[in-house]
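In what follows, a single structure is set out as structure tokens and then discussed.
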Amino acid sequence: MYTEQQREIIEHTPSNTSIYASPGSGKTTVLTEHIAWQLKHRHVPAGRMLALTFTRQSALDMKQRMRKRGLADGDVGALPLGTFHSQAFRMLLAHTPNIPVILGQLEQRQLMRAAAQKFGVGDMDTVRRLLLANTRKKSVWPVDSAMGGVEGAVLTRYEHMKARAHRWDFDDILVAFAQTLEEHGAELPAFDYLLVDEYQDTNPIQWAIVRLLVHQSRCPVFVVGDDDQSIYGFRGASPSGLLDFQLSYHDARCHRLSTNFRSDRSIVLAAVRLIAHNRHRMEKQMQAFSAAPGRCGTHLWPSEAAEAVGVAGLVRQARRYDSGADVAILARTRRQLLAAWRACQGVVPDAMPQFRTFHDAKGKEWDIVHIVGAVAQNPYLANDDTSLFRRKKSAPALDGQAEEEERRLFYVAMTRARHVLWVHAPKRCAAGKARLSPYAAEAGLRTMEPG
Ligand SMILES: Nc1ncnc2c1ncn2[C@@H]1O[C@H](COP(=O)(O)OP(=O)(O)OP(=O)(O)O)[C@@H](O)[C@H]1O
């Protein structure tokens, strides 16, 4: 089933390795199989490999897959596989008794708000931006705490209040872990092999943690990623960790996977056309394994309400034609999913599609994907958590860096589809007249006739 190249990666002896690969080319598949191979055929003890993923869900999926491959439950359970934060927290707990309790999201927001109110800036939008600024500040190593202005003053106050309450926020876990690795690395568990998924979405503190772990364990590191799918820049992540991997690990072997096993041909071609518009990227090939043409295009609707009803109608139609097809409705912001969700409740209540933001769709795949609310200068981004660069009521033009990240997000969304990809846009939305996102034209998607 696996290609010769995939098999070579799966079966190779642990060594410094990077895999740059296109969407759907089997990155997560080969990573999972490579770990399973080490356990099964090279008898590397499960507890001696550390595998880091981007989300908890992908760690669970990988474990599930290993069980299906016939690995013993005990081995899978003993494998330290999870997010950077969960694995760092586990090791810190074992090393340092009495570490502070982690603030829940709500508690953290309340604490930041209390700190901000002291400076007369406690509205929720500002608090959200301050929380992001806090995350970005702690995304580098060593953390640079010299931040001026009101923002710096609020963040300093927040740190004091947190320390007084003997609490940590989520980002403090990695800061404390990096510090512990630097100062007491020899007291932490050592590993024979370190593996990292989605390396394009790691940030400088995570690169430092990888470097410190590798140094302390004297073990090889294996990373997989795709710079074109780097979508967490607003939190301080950057694809340069992946792009510069070869510089940091001179002897590293580099593999590229370019066959997309997920999507039919027209979808792969459209995605390739779109991403070619980004300038800051590593040039790479992508071709479809599937010989099927697939279907893709855009649907324009008079209003947001009409769009929601139209999408629900298409979902119902597809269910009639193939009741087993899995369907997802994706949008740039959570708010843009609401109308389609309501419309589907009324039409296919027993066979609801999945509803996800582009960010939450990462790593997933569905037979049919509908992207809704694909408008230029998306007005919903003005108040979105991830819209670091937009502080006005309407979304101003993006700078080059933010523009490329928006395009990558659209690329991630498009490449989730196996057989059918519809991009929908209303001609009017809450903010007034709307235009179809330029990414649809860049991808060469044709507008479908109404009905
Ligand atoms: N050699 C192969 N033959 C057939 N199917 C494959 C092969 N390799 C991977 N696949 C399938 O292709 C799909 C994509 O694989 P996977 O999710 O591992 O890719 P990925 O590169 O991690 O994707 P992305 O980065 O877009 O999330 C999965 O359904 C997987 O089972």
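Going by the structure tokens order, chains are called A, B, ..., each with residues numbered from 1, while ligands are numbered from 1 in the order shown.
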Which protein, DNA or RNA residues have an atom within 9 Å of ligand 1, counting only C-alpha atoms and all ligand atoms, as a PyMOL selection string? chain A and resi 1-4+6-7+21-32+197-198+224-226+229+257+259-263+289+361-365+412+415-416+418
Shortest interatomic distance to A:Arg42 - which of A:Gly324, A:Pro14, A:Gly241, A:Gly122, counting only C-alpha atoms: A:Pro14
Could you find all residues in stretch 41-126 of chain A that DSSP calls alpha helix (DSSP H) from the backbone, and write them as an MDAnalysis selection string? chainID A and resid 56:68 73:78 84:95 105:117 124:126
N, CA and C atoms of the current selection, written as a short mmCIF file (atom, residue, chain, number, x, y, z; two decimals), in the first residue's frame:
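Output (result.cif):
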```
data_model
loop_
_atom_site.label_atom_id
_atom_site.label_comp_id
_atom_site.auth_asym_id
_atom_site.auth_seq_id
_atom_site.Cartn_x
_atom_site.Cartn_y
_atom_site.Cartn_z
N ARG A 56 -4.43 17.55 20.90
CA ARG A 56 -4.70 16.37 21.69
C ARG A 56 -5.39 15.33 20.81
N GLN A 57 -6.29 15.85 19.94
CA GLN A 57 -7.04 14.94 19.08
C GLN A 57 -6.11 14.16 18.15
N SER A 58 -5.09 14.83 17.61
CA SER A 58 -4.22 14.08 16.69
C SER A 58 -3.40 13.05 17.44
N ALA A 59 -3.07 13.32 18.71
CA ALA A 59 -2.37 12.31 19.51
C ALA A 59 -3.29 11.10 19.72
N LEU A 60 -4.56 11.36 20.01
CA LEU A 60 -5.51 10.26 20.22
C LEU A 60 -5.69 9.46 18.93
N ASP A 61 -5.78 10.19 17.79
CA ASP A 61 -5.95 9.51 16.50
C ASP A 61 -4.74 8.61 16.20
N MET A 62 -3.56 9.12 16.50
CA MET A 62 -2.35 8.33 16.22
C MET A 62 -2.32 7.07 17.09
N LYS A 63 -2.71 7.21 18.34
CA LYS A 63 -2.72 6.04 19.23
C LYS A 63 -3.73 5.00 18.75
N GLN A 64 -4.88 5.51 18.34
CA GLN A 64 -5.94 4.64 17.84
C GLN A 64 -5.44 3.84 16.63
N ARG A 65 -4.74 4.55 15.77
CA ARG A 65 -4.21 3.93 14.56
C ARG A 65 -3.19 2.84 14.90
N MET A 66 -2.38 3.11 15.92
CA MET A 66 -1.37 2.11 16.31
C MET A 66 -2.03 0.86 16.86
N ARG A 67 -3.11 1.06 17.61
CA ARG A 67 -3.84 -0.12 18.14
C ARG A 67 -4.38 -0.94 16.98
N LYS A 68 -4.92 -0.22 15.97
CA LYS A 68 -5.46 -0.93 14.80
C LYS A 68 -4.37 -1.71 14.07
N ASP A 73 -1.77 -2.86 23.66
CA ASP A 73 -2.32 -1.72 24.41
C ASP A 73 -1.31 -1.14 25.38
N GLY A 74 -0.56 -2.04 26.02
CA GLY A 74 0.43 -1.62 27.01
C GLY A 74 1.48 -0.72 26.37
N ASP A 75 1.95 -1.11 25.17
CA ASP A 75 2.98 -0.32 24.48
C ASP A 75 2.43 1.04 24.09
N VAL A 76 1.21 1.03 23.54
CA VAL A 76 0.61 2.29 23.09
C VAL A 76 0.40 3.21 24.29
N GLY A 77 -0.08 2.62 25.38
CA GLY A 77 -0.34 3.41 26.59
C GLY A 77 0.96 3.98 27.17
N ALA A 78 2.05 3.22 27.05
CA ALA A 78 3.32 3.66 27.66
C ALA A 78 4.05 4.69 26.81
N PHE A 84 2.94 19.34 22.99
CA PHE A 84 4.10 19.89 23.70
C PHE A 84 3.70 20.20 25.15
N HIS A 85 2.53 20.87 25.28
CA HIS A 85 2.12 21.30 26.62
C HIS A 85 1.86 20.12 27.55
N SER A 86 1.17 19.10 27.05
CA SER A 86 0.82 17.98 27.93
C SER A 86 2.07 17.21 28.34
N GLN A 87 2.99 17.01 27.41
CA GLN A 87 4.19 16.24 27.75
C GLN A 87 5.12 17.05 28.66
N ALA A 88 5.20 18.36 28.41
CA ALA A 88 6.03 19.21 29.26
C ALA A 88 5.46 19.22 30.68
N PHE A 89 4.14 19.34 30.77
CA PHE A 89 3.49 19.39 32.08
C PHE A 89 3.71 18.08 32.85
N ARG A 90 3.59 16.97 32.14
CA ARG A 90 3.79 15.66 32.78
C ARG A 90 5.21 15.56 33.35
N MET A 91 6.19 15.98 32.57
CA MET A 91 7.58 15.87 33.04
C MET A 91 7.85 16.85 34.18
N LEU A 92 7.24 18.03 34.08
CA LEU A 92 7.44 19.01 35.16
C LEU A 92 6.84 18.51 36.46
N LEU A 93 5.65 17.92 36.35
CA LEU A 93 4.97 17.41 37.55
C LEU A 93 5.82 16.36 38.25
N ALA A 94 6.45 15.49 37.43
CA ALA A 94 7.26 14.43 38.01
C ALA A 94 8.54 15.01 38.63
N HIS A 95 9.00 16.12 38.10
CA HIS A 95 10.27 16.68 38.56
C HIS A 95 10.11 17.65 39.72
N GLN A 105 -9.52 28.79 31.00
CA GLN A 105 -9.63 29.89 30.04
C GLN A 105 -10.39 31.08 30.61
N LEU A 106 -11.50 30.76 31.28
CA LEU A 106 -12.34 31.82 31.83
C LEU A 106 -11.60 32.59 32.94
N GLU A 107 -10.94 31.81 33.82
CA GLU A 107 -10.19 32.44 34.91
C GLU A 107 -9.09 33.34 34.37
N GLN A 108 -8.43 32.85 33.31
CA GLN A 108 -7.33 33.64 32.74
C GLN A 108 -7.86 34.95 32.17
N ARG A 109 -9.02 34.84 31.50
CA ARG A 109 -9.61 36.05 30.91
C ARG A 109 -9.99 37.04 32.01
N GLN A 110 -10.54 36.49 33.12
CA GLN A 110 -10.95 37.37 34.23
C GLN A 110 -9.73 38.07 34.84
N LEU A 111 -8.66 37.30 34.99
CA LEU A 111 -7.45 37.87 35.59
C LEU A 111 -6.86 38.97 34.69
N MET A 112 -6.83 38.69 33.38
CA MET A 112 -6.28 39.69 32.44
C MET A 112 -7.17 40.93 32.45
N ARG A 113 -8.46 40.70 32.56
CA ARG A 113 -9.40 41.82 32.55
C ARG A 113 -9.18 42.70 33.79
N ALA A 114 -8.99 42.01 34.93
CA ALA A 114 -8.76 42.76 36.17
C ALA A 114 -7.47 43.58 36.05
N ALA A 115 -6.44 42.98 35.45
CA ALA A 115 -5.17 43.71 35.28
C ALA A 115 -5.37 44.90 34.33
N ALA A 116 -6.13 44.68 33.27
CA ALA A 116 -6.34 45.74 32.26
C ALA A 116 -7.18 46.88 32.82
N GLN A 117 -8.17 46.52 33.67
CA GLN A 117 -9.07 47.55 34.20
C GLN A 117 -8.32 48.60 35.01
N MET A 124 -13.75 43.68 26.29
CA MET A 124 -13.43 42.30 25.94
C MET A 124 -12.51 42.17 24.73
N ASP A 125 -12.67 43.06 23.75
CA ASP A 125 -11.79 43.01 22.57
C ASP A 125 -10.34 43.24 22.97
N THR A 126 -10.14 44.25 23.84
CA THR A 126 -8.78 44.55 24.28
C THR A 126 -8.22 43.39 25.10
#
```
Just checking: using only C-alpha atoms, which residue out of A:Ile173, A:Val140, A:Leu52, A:Ala325 ends up closest to A:Leu103? A:Ile173
Residue with smallest distance to A:Glu406 - pool A:Val375, A:Leu330, A:Ile231, A:Ile99, counting only C-alpha atoms: A:Ile231
Given only C-alpha atoms as the basis, pick out the residue of A:Ala443, A:Ala276, A:Leu130, A:Ala46 nearest to A:Asp228. A:Ala276
Run DSSP on the backbone and tell me which residues of stretch 159-280 of chain A come out as strand (DSSP E); list them as a ChimeraX atom specification. /A:167-168,193-196,221-225,253-257,259-260
Any chance you could export the current selection's C-alpha atoms as a tab-separated table (two decimals), in the first residue's frame?
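For reference, out_36.tsv as written:
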```tsv
chain	number	residue	atom	x	y	z
A	167	ARG	CA	-1.19	30.13	39.30
A	168	TRP	CA	0.23	29.53	35.85
A	193	TYR	CA	14.15	9.29	19.83
A	194	LEU	CA	12.18	12.51	19.55
A	195	LEU	CA	9.46	12.94	16.92
A	196	VAL	CA	7.43	16.06	16.12
A	221	VAL	CA	14.99	14.04	16.05
A	222	PHE	CA	12.42	13.42	13.31
A	223	VAL	CA	10.11	16.25	12.22
A	224	VAL	CA	7.33	16.42	9.63
A	225	GLY	CA	5.54	19.46	8.27
A	253	ARG	CA	18.19	13.62	5.97
A	254	CYS	CA	15.48	15.47	4.12
A	255	HIS	CA	12.60	13.76	2.33
A	256	ARG	CA	9.85	15.30	0.25
A	257	LEU	CA	6.49	13.68	-0.33
A	259	THR	CA	1.75	12.69	-4.08
A	260	ASN	CA	-1.57	13.74	-2.62
```
